[in-house]
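Trainee: Structure: final-v2.cif, mmCIF, C-alpha atoms.
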```cif
data_data
#
loop_
_atom_site.label_atom_id
_atom_site.label_comp_id
_atom_site.auth_asym_id
_atom_site.auth_seq_id
_atom_site.Cartn_x
_atom_site.Cartn_y
_atom_site.Cartn_z
CA MET N 20 101.32 7.03 -70.16
CA SER N 21 101.75 4.51 -72.91
CA ASN N 22 98.85 2.50 -74.22
CA THR N 23 98.52 0.25 -77.20
CA THR N 24 94.96 1.38 -77.90
CA GLU N 25 94.42 4.48 -79.99
CA PRO N 26 93.12 7.17 -77.59
CA GLN N 27 89.53 8.22 -78.23
CA GLN N 28 88.13 11.65 -77.53
CA PHE N 29 85.55 11.93 -74.79
CA SER N 30 83.84 14.93 -73.32
CA ILE N 31 82.82 15.35 -69.68
CA GLU N 32 79.19 15.44 -70.79
CA GLU N 33 79.44 12.15 -72.67
CA ALA N 34 81.26 10.34 -69.86
CA PHE N 35 78.74 11.46 -67.24
CA ARG N 36 75.76 10.76 -69.55
CA CYS N 37 77.01 7.18 -70.02
CA LEU N 38 77.27 6.74 -66.26
CA GLU N 39 73.83 8.27 -65.74
CA ILE N 40 72.26 5.84 -68.24
CA THR N 41 74.11 2.87 -66.75
CA PHE N 42 73.00 3.57 -63.19
CA ASN N 43 69.47 4.77 -63.98
CA LYS N 44 66.92 2.00 -63.35
CA SER N 45 64.52 3.36 -65.97
CA SER N 46 67.09 3.23 -68.80
CA LYS N 47 66.30 0.88 -71.67
CA SER N 48 68.60 -2.12 -72.09
CA GLU N 49 69.69 -0.95 -75.54
CA GLU N 50 70.70 2.43 -74.11
CA ILE N 51 72.56 0.71 -71.29
CA ASN N 52 74.46 -1.55 -73.71
CA GLN N 53 75.45 1.45 -75.78
CA ALA N 54 76.54 3.44 -72.73
CA GLN N 55 78.54 0.54 -71.32
CA LYS N 56 80.27 0.04 -74.64
CA ARG N 57 81.40 3.67 -74.56
CA LEU N 58 82.50 3.33 -70.94
CA MET N 59 84.58 0.29 -71.94
CA ASP N 60 86.24 2.40 -74.66
CA LEU N 61 86.89 5.04 -72.04
CA ASP N 62 88.24 2.45 -69.62
CA LYS N 63 90.95 1.41 -72.11
CA ASN N 64 92.63 4.78 -71.57
CA ILE N 65 91.44 5.47 -68.07
CA LEU N 66 94.60 7.31 -67.04
CA ASP N 67 94.26 9.77 -69.89
CA ASN N 68 90.65 10.34 -68.93
CA LEU N 69 91.10 10.74 -65.16
CA LYS N 70 91.18 14.53 -65.29
CA LEU N 71 88.01 14.50 -67.37
CA PHE N 72 86.17 12.77 -64.53
CA PHE N 73 87.77 15.04 -61.94
CA GLU N 74 86.53 18.11 -63.80
CA GLY N 75 83.00 16.73 -63.83
CA ILE N 76 83.09 15.77 -60.13
CA ALA N 77 84.39 19.23 -59.16
CA MET N 78 81.63 21.05 -61.09
CA LYS N 79 79.12 22.69 -58.82
CA ASP N 80 75.41 22.10 -59.49
CA LYS N 81 75.89 20.49 -62.91
CA TYR N 82 75.72 16.88 -61.75
CA THR N 83 73.99 15.28 -58.77
CA GLU N 84 75.98 14.05 -55.79
CA ASN N 85 74.89 10.48 -56.58
CA LEU N 86 76.17 10.72 -60.15
CA LYS N 87 79.48 12.13 -58.95
CA LEU N 88 79.79 9.25 -56.48
CA SER N 89 78.97 6.79 -59.28
CA ALA N 90 81.75 8.34 -61.36
CA LEU N 91 84.18 7.96 -58.49
CA ILE N 92 83.18 4.36 -57.82
CA TYR N 93 83.55 3.63 -61.54
CA LEU N 94 87.08 5.08 -61.44
CA LYS N 95 87.89 3.14 -58.28
CA ASN N 96 86.71 -0.18 -59.76
CA SER N 97 88.45 0.50 -63.05
CA ILE N 98 91.81 1.35 -61.44
CA GLU N 99 91.70 -1.46 -58.88
CA GLY N 100 90.67 -3.94 -61.60
CA LYS N 101 93.63 -2.90 -63.74
CA ILE N 102 96.01 -3.24 -60.78
CA LYS N 103 94.69 -6.73 -60.01
CA ARG N 104 95.17 -7.78 -63.63
CA LYS N 105 98.65 -6.17 -63.52
CA GLY N 106 97.49 -3.74 -66.19
CA LEU N 107 99.20 -0.75 -64.57
CA THR N 108 102.91 -0.29 -64.01
CA GLU N 109 104.28 1.01 -60.71
CA GLU N 110 104.97 4.35 -62.38
CA GLN N 111 101.39 4.56 -63.64
CA ILE N 112 100.06 3.82 -60.14
CA TRP N 113 102.15 6.73 -58.83
CA THR N 114 100.67 8.92 -61.55
CA VAL N 115 97.17 7.92 -60.44
CA ILE N 116 98.05 8.72 -56.82
CA ARG N 117 99.46 12.13 -57.74
CA TYR N 118 96.41 13.01 -59.85
CA PHE N 119 94.02 12.01 -57.07
CA ILE N 120 95.96 13.90 -54.40
CA ASP N 121 96.13 17.07 -56.51
CA PHE N 122 92.41 16.78 -57.10
CA LEU N 123 91.61 16.08 -53.45
CA ILE N 124 93.64 18.98 -52.12
CA SER N 125 92.65 21.65 -54.59
CA SER N 126 88.92 21.06 -55.12
CA GLU N 127 85.82 21.86 -53.10
CA LEU N 128 84.38 18.40 -52.43
CA SER N 129 81.65 16.90 -50.28
CA ASP N 130 82.50 14.68 -47.31
CA LYS N 131 81.29 11.56 -49.14
CA ILE N 132 83.50 12.26 -52.14
CA ILE N 133 86.50 13.00 -49.90
CA ASN N 134 85.90 9.70 -48.07
CA ASN N 135 85.67 7.73 -51.32
CA ILE N 136 88.86 9.26 -52.72
CA ASN N 137 90.66 8.49 -49.48
CA SER N 138 89.36 4.93 -49.59
CA LEU N 139 90.85 4.44 -53.07
CA LEU N 140 94.12 6.09 -52.05
CA GLN N 141 94.31 3.93 -48.94
CA ASN N 142 94.10 0.80 -51.09
CA LEU N 143 96.81 2.14 -53.39
CA PHE N 144 99.11 3.10 -50.52
CA ASN N 145 98.80 -0.39 -49.06
CA LEU N 146 100.15 -2.02 -52.24
CA LYS N 147 103.46 -3.75 -51.56
CA ASN N 148 105.33 -2.08 -54.39
CA ILE N 149 104.16 1.37 -53.44
CA VAL N 150 105.34 1.30 -49.82
CA LYS N 151 108.82 0.24 -50.93
CA ASP N 152 109.79 3.88 -51.38
CA PRO N 153 109.39 5.70 -48.04
CA ALA N 154 110.60 8.97 -49.56
CA PHE N 155 107.39 9.44 -51.52
CA THR N 156 105.21 9.62 -48.41
CA THR N 157 107.70 12.00 -46.80
CA ASP N 158 107.58 14.23 -49.88
CA LEU N 159 103.81 14.07 -49.76
CA PHE N 160 103.76 15.37 -46.18
CA LYS N 161 106.18 18.15 -47.19
CA MET N 162 103.87 19.06 -50.04
CA ILE N 163 100.85 19.14 -47.68
CA GLY N 164 102.76 21.43 -45.29
CA ASN N 165 103.92 23.76 -48.07
CA TYR N 166 100.45 23.91 -49.61
CA LEU N 167 98.87 24.82 -46.27
CA LYS N 168 101.57 27.41 -45.57
CA THR N 169 100.96 29.05 -48.95
CA GLN N 170 97.20 29.11 -48.35
CA ILE N 171 97.58 30.65 -44.90
CA GLU N 172 100.21 33.18 -45.98
CA SER N 173 98.29 34.28 -49.06
CA ASN N 174 96.01 36.43 -46.89
CA PRO N 175 97.27 36.15 -43.32
CA ASN N 176 95.05 38.78 -41.72
CA ASP N 177 91.75 37.96 -43.33
CA ASP N 178 90.30 35.00 -41.44
CA SER N 179 86.80 35.61 -42.74
CA SER N 180 87.75 34.62 -46.28
CA PHE N 181 89.89 31.64 -45.29
CA ASN N 182 88.51 28.40 -46.65
CA LEU N 183 88.17 26.01 -43.71
CA GLY N 184 87.50 23.11 -46.13
CA ILE N 185 91.27 22.99 -46.74
CA PHE N 186 91.79 21.74 -43.19
CA LYS N 187 89.26 18.97 -43.62
CA ARG N 188 90.74 17.78 -46.92
CA LEU N 189 94.34 17.87 -45.74
CA ILE N 190 93.66 16.31 -42.35
CA SER N 191 91.56 13.51 -43.87
CA LEU N 192 94.41 12.81 -46.31
CA MET N 193 96.92 12.68 -43.46
CA GLN N 194 94.59 10.47 -41.40
CA MET N 195 94.33 8.10 -44.32
CA LEU N 196 98.12 7.98 -44.73
CA PHE N 197 98.59 7.26 -41.03
CA ALA N 198 96.30 4.25 -41.45
CA THR N 199 98.50 2.74 -44.18
CA LYS N 200 101.83 0.97 -44.36
CA SER N 201 103.36 3.90 -46.23
CA ILE N 202 104.45 5.33 -42.87
CA ASN N 203 106.99 2.89 -41.53
CA ASP N 204 110.31 2.51 -39.70
CA LYS N 205 112.16 4.27 -42.48
CA ASN N 206 110.20 7.50 -42.61
CA ASN N 207 108.24 7.83 -39.36
CA ASN N 208 110.67 10.22 -37.62
CA GLU N 209 110.59 12.78 -40.41
CA ILE N 210 106.86 12.39 -40.97
CA PHE N 211 106.20 12.86 -37.25
CA LEU N 212 107.99 16.25 -37.32
CA LEU N 213 106.26 17.30 -40.53
CA THR N 214 102.90 16.36 -38.99
CA LEU N 215 103.61 18.52 -35.94
CA ASP N 216 104.34 21.49 -38.23
CA VAL N 217 101.05 21.00 -40.06
CA ALA N 218 99.17 20.56 -36.78
CA ASP N 219 100.68 23.80 -35.44
CA MET N 220 99.59 25.72 -38.52
CA VAL N 221 96.07 24.30 -38.30
CA LEU N 222 95.79 25.01 -34.57
CA VAL N 223 97.00 28.61 -34.78
CA LYS N 224 94.80 29.48 -37.75
CA ASN N 225 91.83 27.63 -36.29
CA GLN N 226 92.25 29.42 -32.98
CA ASN N 227 92.28 32.82 -34.72
CA ILE N 228 89.20 31.96 -36.74
CA ILE N 229 87.30 30.70 -33.69
CA THR N 230 88.25 33.74 -31.61
CA ASN N 231 87.01 36.08 -34.35
CA LEU N 232 83.90 33.98 -34.87
CA ILE N 233 83.03 34.09 -31.18
CA ALA N 234 83.65 37.85 -31.09
CA SER N 235 81.42 38.42 -34.11
CA LYS N 236 78.50 36.37 -32.78
CA ILE N 237 76.82 37.87 -29.78
CA SER N 238 76.22 34.80 -27.67
CA SER N 239 73.15 34.91 -25.50
CA ALA N 240 73.54 31.93 -23.27
CA GLU N 241 70.64 33.13 -21.14
CA VAL N 242 68.23 32.14 -23.91
CA ILE N 243 68.63 28.49 -23.05
CA LEU N 244 70.20 28.56 -19.61
CA PRO N 245 67.92 28.43 -16.60
CA GLN N 246 67.60 31.84 -14.98
CA MET L 20 96.97 13.92 -33.39
CA PHE L 21 94.98 11.10 -31.81
CA LEU L 22 95.84 8.87 -34.78
CA VAL L 23 99.49 9.93 -34.58
CA THR L 24 99.52 8.87 -30.92
CA ILE L 25 98.16 5.46 -31.88
CA LYS L 26 100.48 5.02 -34.87
CA ILE L 27 103.77 5.92 -33.19
CA LYS L 28 103.37 3.09 -30.70
CA ASP L 29 104.67 0.82 -33.45
CA PHE L 30 108.00 2.64 -33.84
CA GLU L 31 111.20 3.07 -31.91
CA ASN L 32 111.70 6.32 -29.93
CA SER L 33 107.98 6.37 -29.35
CA TYR L 34 108.34 7.72 -25.81
CA GLU L 35 110.35 10.69 -27.09
CA LYS L 36 107.58 11.40 -29.57
CA ILE L 37 104.91 11.16 -26.89
CA ASP L 38 106.90 13.64 -24.77
CA ALA L 39 107.04 15.98 -27.78
CA LEU L 40 103.26 15.69 -28.16
CA ILE L 41 102.73 16.39 -24.46
CA ASN L 42 105.00 19.46 -24.47
CA ARG L 43 103.40 20.81 -27.60
CA TYR L 44 99.69 20.08 -27.22
CA MET L 45 98.59 19.18 -23.70
CA ASN L 46 98.21 22.77 -22.54
CA THR L 47 96.45 23.64 -25.80
CA CYS L 48 93.96 20.83 -25.09
CA LEU L 49 93.41 22.17 -21.58
CA HIS L 50 92.91 25.65 -23.02
CA PHE L 51 90.28 24.39 -25.50
CA ILE L 52 88.43 22.56 -22.73
CA THR L 53 88.46 25.23 -20.05
CA ASN L 54 88.93 28.67 -21.60
CA GLN L 55 86.33 28.53 -24.31
CA SER L 56 83.20 28.07 -22.28
CA ILE L 57 79.92 29.85 -22.23
CA PRO L 58 78.43 31.06 -19.94
CA ASN L 59 81.58 31.05 -17.82
CA ASN L 60 84.94 29.40 -17.48
CA ASN L 61 83.76 27.08 -14.73
CA LEU L 62 81.69 25.09 -17.18
CA ILE L 63 83.15 22.57 -19.59
CA ILE L 64 80.35 22.77 -22.12
CA TYR L 65 79.71 25.52 -24.65
CA ILE L 66 76.05 26.50 -24.83
CA THR L 67 74.70 29.52 -26.62
CA ASP L 68 71.81 30.20 -28.97
CA ASN L 69 74.17 29.61 -31.91
CA GLU L 70 73.89 25.88 -32.53
CA ASP L 71 76.58 25.66 -35.23
CA LEU L 72 79.15 27.39 -33.08
CA ASP L 73 78.22 25.21 -30.10
CA LYS L 74 78.66 22.05 -32.17
CA VAL L 75 82.11 23.09 -33.36
CA LEU L 76 83.38 24.13 -29.93
CA ASN L 77 81.99 21.12 -28.09
CA SER L 78 83.49 18.89 -30.77
CA ILE L 79 86.90 20.57 -30.28
CA LYS L 80 86.59 20.00 -26.53
CA ALA L 81 85.64 16.35 -27.12
CA LYS L 82 88.67 15.83 -29.36
CA SER L 83 90.91 17.51 -26.80
CA PHE L 84 89.70 15.00 -24.20
CA GLN L 85 90.25 12.21 -26.75
CA LEU L 86 93.89 13.19 -27.26
CA ILE L 87 94.53 13.49 -23.52
CA SER L 88 92.93 10.04 -23.00
CA ALA L 89 95.14 8.52 -25.71
CA ILE L 90 98.26 9.94 -24.10
CA ILE L 91 97.23 8.79 -20.61
CA GLN L 92 96.73 5.28 -21.95
CA TYR L 93 100.16 5.23 -23.49
CA GLY L 94 102.03 2.16 -22.41
CA SER L 95 101.82 2.32 -18.63
CA THR L 96 99.62 1.83 -15.58
CA ASP L 97 101.03 5.03 -14.07
CA ILE L 98 100.82 8.62 -15.25
CA LYS L 99 104.48 9.56 -15.01
CA ASN L 100 104.61 12.87 -16.85
CA ASP L 101 104.15 15.85 -14.48
CA THR L 102 102.32 18.00 -17.05
CA VAL L 103 99.81 15.27 -17.85
CA ARG L 104 99.34 14.54 -14.16
CA GLU L 105 98.60 18.20 -13.34
CA ILE L 106 96.18 18.44 -16.26
CA CYS L 107 94.38 15.32 -15.04
CA TYR L 108 93.97 16.83 -11.55
CA THR L 109 92.64 20.09 -13.02
CA LEU L 110 90.20 18.33 -15.32
CA ILE L 111 88.90 15.84 -12.74
CA ASP L 112 88.26 18.70 -10.34
CA LEU L 113 86.47 20.65 -13.06
CA ILE L 114 84.41 17.64 -14.16
CA ILE L 115 83.25 16.96 -10.58
CA LYS L 116 82.14 20.60 -10.19
CA ASN L 117 80.40 20.46 -13.57
CA LEU L 118 78.56 17.23 -12.79
CA ASP L 119 77.40 18.73 -9.51
CA TYR L 120 76.11 21.78 -11.35
CA PHE L 121 74.44 19.76 -14.09
CA VAL L 122 72.57 17.65 -11.56
CA SER L 123 71.48 20.55 -9.34
CA SER L 124 70.48 22.89 -12.19
CA GLN L 125 68.96 20.18 -14.41
CA ILE L 126 70.52 22.11 -17.28
CA LEU L 127 70.93 19.00 -19.42
CA PHE L 128 67.16 18.42 -19.48
CA ASN L 129 66.79 21.86 -21.07
CA LEU L 130 69.30 20.87 -23.75
CA GLU L 131 67.92 17.41 -24.43
CA ASN L 132 66.47 18.19 -27.84
CA GLN L 133 69.29 20.40 -29.06
CA GLU L 134 72.09 19.25 -31.31
CA LYS L 135 75.23 20.63 -29.70
CA ASN L 136 77.57 17.60 -29.83
CA LEU L 137 77.14 17.24 -26.09
CA ASP L 138 76.76 13.46 -26.46
CA LEU L 139 80.20 13.30 -28.10
CA LEU L 140 81.70 15.57 -25.45
CA PHE L 141 80.27 13.56 -22.54
CA TYR L 142 81.40 10.32 -24.15
CA HIS L 143 84.97 11.60 -24.18
CA ILE L 144 84.70 13.10 -20.68
CA PHE L 145 83.72 9.68 -19.29
CA LEU L 146 86.33 7.93 -21.44
CA PHE L 147 88.92 10.30 -19.97
CA LEU L 148 87.71 9.49 -16.44
CA SER L 149 87.83 5.77 -17.12
CA ARG L 150 91.41 6.07 -18.38
CA CYS L 151 92.87 8.18 -15.59
CA LEU L 152 90.92 7.15 -12.47
CA ASN L 153 92.42 3.67 -12.53
CA ARG L 154 96.01 4.91 -12.87
CA GLU L 155 98.38 6.03 -10.16
CA PRO L 156 98.76 8.56 -8.64
CA ILE L 157 95.20 9.60 -9.56
CA LEU L 158 93.77 6.32 -8.25
CA SER L 159 94.99 6.96 -4.68
CA ASN L 160 94.38 10.71 -4.58
CA PHE L 161 90.90 10.71 -6.06
CA MET L 162 89.52 7.53 -4.55
CA PRO L 163 87.18 9.47 -2.24
CA PHE L 164 85.59 11.11 -5.30
CA VAL L 165 85.18 8.01 -7.46
CA ARG L 166 81.81 7.15 -5.93
CA LYS L 167 80.58 10.62 -6.78
#
```
In structure tokens, how does this file's structure come out?
Mentor:
Amino acid sequence: MSNTTEPQQFSIEEAFRCLEITFNKSSKSEEINQAQKRLMDLDKNILDNLKLFFEGIAMKDKYTENLKLSALIYLKNSIEGKIKRKGLTEEQIWTVIRYFIDFLISSELSDKIINNINSLLQNLFNLKNIVKDPAFTTDLFKMIGNYLKTQIESNPNDDSSFNLGIFKRLISLMQMLFATKSINDKNNNEIFLLTLDVADMVLVKNQNIITNLIASKISSAEVILPQ
Amino acid sequence: MFLVTIKIKDFENSYEKIDALINRYMNTCLHFITNQSIPNNNLIIYITDNEDLDKVLNSIKAKSFQLISAIIQYGSTDIKNDTVREICYTLIDLIIKNLDYFVSSQILFNLENQEKNLDLLFYHIFLFLSRCLNREPILSNFMPFVRK
């Protein structure tokens, strides 16, 4: 990622502190000015600092959900602003997409954060230049399928330790992609088959988990059913 | 899969894809709706003292109805596919029996203040009815039951 500005070092703590000051109503105006100045420095090399924000958002218990959402909205505005001003090349936009997808798939995230990431990705996938290459979306579906297969095969017999959040993150990503122009006449046949493979994996694993869950919980329907 | 059903309408070979969806998932949907029921397999709803489990299973049933409804609605005023047609007959019959039971037992009053995703499930049950009862051959065969 080439930039004319000399990259500056930021820590996760500093980036999130600046956001906290900016969005906190009780912050003094001088503090806000200072924080915003630092955020502007950070914004100049936003692509280099993406992973810094991701690390902070993925941290459990260190930052509040609201602060994490603020960080995400800051990223979203920064990236979309740069795209509008033609400040990002097509290649850089792909880099952003790849970073966000890696982050989305591999991190434990709340529903709100997942929704916000998908909202940003949806905007990126609807850009005219991006949908020109149908192979990327096909590769993305292949990657989703392979990732899920690896997760399921890593411990095939132990349903109790399987992380169901994976389903939610992958399915929400696929839902988002289906709502964009990135699936089109050129790639829909292949993507349809890849989607069926993913759906089969989800259904089989889900069915096993539910069967075991039902067996492990002694259901006493009589408690609420009329005698 | 519901979104896939909606999306593929825009593309060529969409009927082949719908057939693939029917062959692959319609019986799974029926299984989710009918075979995972507490207290017995004659009821559509899942009701136990475990609220979280109830919510998940009733939500799965609701989504199964949603997918069946989307496929029924696909492009025609008739339900031409034999598998879908048979599933519609089975489900309508089951729904009628369930509604009878719900009314006579007043079971739903007992569940009024419990969060079990029953509102979502019933929404999709009635959506399913609204989609298939006005399509042939269901329209002719089930006319006597529509009032009920």
Trainee: Could you jot down the atom CA of Gly184 of chain N to atom CA of Val115 of chain N separation for me, Å, one decimal place?
Mentor: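 Result for atom CA of Gly184 of chain N versus atom CA of Val115 of chain N: 23.0 Å, one decimal.
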Trainee: Anything within 12 Å of (108.6, 2.7, -34.0): list those residues as a PyMOL selection string, counting all atoms listed in the file and sticking to the file's coordinates.
Mentor: (chain N and resi 202-208+211) or (chain L and resi 23-37)
Trainee: Give me, as number ranges by chain, all polymer residues having an atom no more than 9 Å from segment 217-229 of chain N, counting all atoms listed in the file and skipping those fewer than 5 positions away in the same chain.
Mentor: N: 160, 163-165, 167-168, 171, 178-179, 181, 183, 186, 190, 212, 234; L: 20, 43, 47, 72, 76
Trainee: Specify as a compact mmCIF listing (two decimals) with C-alpha atoms, keeping the file's coordinate frame each residue included when the PyMOL selection byres ((chain N and resi 51-56) around 12) is applied to this file.
Mentor:
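Here's the written file part10.txt:
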```
# COMPACT_ATOMS: atom_id res chain seq x y z
CA GLU N 33 79.44 12.15 -72.67
CA ALA N 34 81.26 10.34 -69.86
CA PHE N 35 78.74 11.46 -67.24
CA ARG N 36 75.76 10.76 -69.55
CA CYS N 37 77.01 7.18 -70.02
CA LEU N 38 77.27 6.74 -66.26
CA GLU N 39 73.83 8.27 -65.74
CA ILE N 40 72.26 5.84 -68.24
CA THR N 41 74.11 2.87 -66.75
CA PHE N 42 73.00 3.57 -63.19
CA ASN N 43 69.47 4.77 -63.98
CA LYS N 44 66.92 2.00 -63.35
CA SER N 45 64.52 3.36 -65.97
CA SER N 46 67.09 3.23 -68.80
CA LYS N 47 66.30 0.88 -71.67
CA SER N 48 68.60 -2.12 -72.09
CA GLU N 49 69.69 -0.95 -75.54
CA GLU N 50 70.70 2.43 -74.11
CA ARG N 57 81.40 3.67 -74.56
CA LEU N 58 82.50 3.33 -70.94
CA MET N 59 84.58 0.29 -71.94
CA ASP N 60 86.24 2.40 -74.66
CA LEU N 61 86.89 5.04 -72.04
CA ASP N 62 88.24 2.45 -69.62
CA LYS N 63 90.95 1.41 -72.11
CA TYR N 93 83.55 3.63 -61.54
```
Trainee: Given the PyMOL selection byres ((chain N and resi 196) around 10) and the file above, list the residues it selects as a list in words.
Mentor: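 Evaluating the PyMOL selection byres ((chain N and resi 196) around 10) on this file yields Asn137, Leu140, Gln141, Phe144, Asn145, Thr156, Leu159, Phe160, Ile190, Ser191, Leu192, Met193, Gln194, Met195, Phe197, Ala198, Thr199, Lys200, Ser201 and Ile202 of chain N.
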Trainee: How would the residues just picked look written out with C-alpha atoms as a PDB file, keeping the file's coordinate frame?
Mentor:
```pdb
ATOM      1  CA  ASN N 137      90.660   8.490 -49.480  1.00  0.00           C
ATOM      2  CA  LEU N 140      94.120   6.090 -52.050  1.00  0.00           C
ATOM      3  CA  GLN N 141      94.310   3.930 -48.940  1.00  0.00           C
ATOM      4  CA  PHE N 144      99.110   3.100 -50.520  1.00  0.00           C
ATOM      5  CA  ASN N 145      98.800  -0.390 -49.060  1.00  0.00           C
ATOM      6  CA  THR N 156     105.210   9.620 -48.410  1.00  0.00           C
ATOM      7  CA  LEU N 159     103.810  14.070 -49.760  1.00  0.00           C
ATOM      8  CA  PHE N 160     103.760  15.370 -46.180  1.00  0.00           C
ATOM      9  CA  ILE N 190      93.660  16.310 -42.350  1.00  0.00           C
ATOM     10  CA  SER N 191      91.560  13.510 -43.870  1.00  0.00           C
ATOM     11  CA  LEU N 192      94.410  12.810 -46.310  1.00  0.00           C
ATOM     12  CA  MET N 193      96.920  12.680 -43.460  1.00  0.00           C
ATOM     13  CA  GLN N 194      94.590  10.470 -41.400  1.00  0.00           C
ATOM     14  CA  MET N 195      94.330   8.100 -44.320  1.00  0.00           C
ATOM     15  CA  PHE N 197      98.590   7.260 -41.030  1.00  0.00           C
ATOM     16  CA  ALA N 198      96.300   4.250 -41.450  1.00  0.00           C
ATOM     17  CA  THR N 199      98.500   2.740 -44.180  1.00  0.00           C
ATOM     18  CA  LYS N 200     101.830   0.970 -44.360  1.00  0.00           C
ATOM     19  CA  SER N 201     103.360   3.900 -46.230  1.00  0.00           C
ATOM     20  CA  ILE N 202     104.450   5.330 -42.870  1.00  0.00           C
TER      21      ILE N 202
END
```
Trainee: Using only C-alpha atoms, pick whichever of N:Leu146, N:Leu215, N:Leu86, N:Ile120 has the shortest atom-to-atom distance to Tyr44 of chain L.
Mentor: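 Once distances to Tyr44 of chain L are computed over only C-alpha atoms, the minimum belongs to N:Leu215.
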Trainee: Which residues match the PyMOL selection byres ((chain L and resi 112) around 12) in the file above, as number ranges by chain?
Mentor: L: 53, 61-63, 105-111, 113-119, 148, 157, 160-161, 164-165, 167
Trainee: Using atom CA of Ile76 of chain N and atom CA of Ser78 of chain L as the two end points, give the distance in Å to one decimal.
Mentor: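 Atom-to-atom, atom CA of Ile76 of chain N and atom CA of Ser78 of chain L are spaced 29.5 Å apart.
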Trainee: Quick one, how far is atom CA of Glu84 of chain N from atom CA of Asp71 of chain L?
Mentor: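 We find that atom CA of Glu84 of chain N and atom CA of Asp71 of chain L lie 23.6 Å from each other.
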Trainee: Kindly complete segment 87-104 of chain N to N, CA and C atoms; the output should be written as a PDB file, in the coordinates of the input.
Mentor:
```pdb
ATOM      1  N   LYS N  87      78.046  11.922 -59.203  1.00  0.00           N
ATOM      2  CA  LYS N  87      79.480  12.130 -58.950  1.00  0.00           C
ATOM      3  C   LYS N  87      80.073  10.936 -58.196  1.00  0.00           C
ATOM      4  N   LEU N  88      79.297  10.430 -57.224  1.00  0.00           N
ATOM      5  CA  LEU N  88      79.790   9.250 -56.480  1.00  0.00           C
ATOM      6  C   LEU N  88      79.890   8.039 -57.396  1.00  0.00           C
ATOM      7  N   SER N  89      78.908   7.904 -58.308  1.00  0.00           N
ATOM      8  CA  SER N  89      78.970   6.790 -59.280  1.00  0.00           C
ATOM      9  C   SER N  89      80.232   6.892 -60.121  1.00  0.00           C
ATOM     10  N   ALA N  90      80.550   8.130 -60.540  1.00  0.00           N
ATOM     11  CA  ALA N  90      81.750   8.340 -61.360  1.00  0.00           C
ATOM     12  C   ALA N  90      82.999   7.917 -60.581  1.00  0.00           C
ATOM     13  N   LEU N  91      83.016   8.285 -59.324  1.00  0.00           N
ATOM     14  CA  LEU N  91      84.180   7.960 -58.490  1.00  0.00           C
ATOM     15  C   LEU N  91      84.306   6.454 -58.266  1.00  0.00           C
ATOM     16  N   ILE N  92      83.160   5.809 -58.031  1.00  0.00           N
ATOM     17  CA  ILE N  92      83.180   4.360 -57.820  1.00  0.00           C
ATOM     18  C   ILE N  92      83.591   3.645 -59.117  1.00  0.00           C
ATOM     19  N   TYR N  93      83.142   4.191 -60.241  1.00  0.00           N
ATOM     20  CA  TYR N  93      83.550   3.630 -61.540  1.00  0.00           C
ATOM     21  C   TYR N  93      85.070   3.729 -61.692  1.00  0.00           C
ATOM     22  N   LEU N  94      85.623   4.897 -61.359  1.00  0.00           N
ATOM     23  CA  LEU N  94      87.080   5.080 -61.440  1.00  0.00           C
ATOM     24  C   LEU N  94      87.812   4.103 -60.518  1.00  0.00           C
ATOM     25  N   LYS N  95      87.270   4.008 -59.295  1.00  0.00           N
ATOM     26  CA  LYS N  95      87.890   3.140 -58.280  1.00  0.00           C
ATOM     27  C   LYS N  95      87.937   1.687 -58.778  1.00  0.00           C
ATOM     28  N   ASN N  96      86.777   1.210 -59.268  1.00  0.00           N
ATOM     29  CA  ASN N  96      86.710  -0.180 -59.760  1.00  0.00           C
ATOM     30  C   ASN N  96      87.625  -0.383 -60.955  1.00  0.00           C
ATOM     31  N   SER N  97      87.635   0.619 -61.837  1.00  0.00           N
ATOM     32  CA  SER N  97      88.450   0.500 -63.050  1.00  0.00           C
ATOM     33  C   SER N  97      89.934   0.415 -62.685  1.00  0.00           C
ATOM     34  N   ILE N  98      90.382   1.309 -61.806  1.00  0.00           N
ATOM     35  CA  ILE N  98      91.810   1.350 -61.440  1.00  0.00           C
ATOM     36  C   ILE N  98      92.205   0.084 -60.662  1.00  0.00           C
ATOM     37  N   GLU N  99      91.365  -0.280 -59.679  1.00  0.00           N
ATOM     38  CA  GLU N  99      91.700  -1.460 -58.880  1.00  0.00           C
ATOM     39  C   GLU N  99      91.672  -2.737 -59.726  1.00  0.00           C
ATOM     40  N   GLY N 100      90.735  -2.779 -60.683  1.00  0.00           N
ATOM     41  CA  GLY N 100      90.670  -3.940 -61.600  1.00  0.00           C
ATOM     42  C   GLY N 100      91.941  -4.040 -62.421  1.00  0.00           C
ATOM     43  N   LYS N 101      92.403  -2.893 -62.921  1.00  0.00           N
ATOM     44  CA  LYS N 101      93.630  -2.900 -63.740  1.00  0.00           C
ATOM     45  C   LYS N 101      94.842  -3.331 -62.903  1.00  0.00           C
ATOM     46  N   ILE N 102      94.881  -2.869 -61.646  1.00  0.00           N
ATOM     47  CA  ILE N 102      96.010  -3.240 -60.780  1.00  0.00           C
ATOM     48  C   ILE N 102      95.991  -4.752 -60.531  1.00  0.00           C
ATOM     49  N   LYS N 103      94.803  -5.290 -60.265  1.00  0.00           N
ATOM     50  CA  LYS N 103      94.690  -6.730 -60.010  1.00  0.00           C
ATOM     51  C   LYS N 103      95.147  -7.546 -61.216  1.00  0.00           C
ATOM     52  N   ARG N 104      94.799  -7.048 -62.403  1.00  0.00           N
ATOM     53  CA  ARG N 104      95.170  -7.780 -63.630  1.00  0.00           C
ATOM     54  C   ARG N 104      96.589  -7.415 -64.078  1.00  0.00           C
TER      55      ARG N 104
END
```
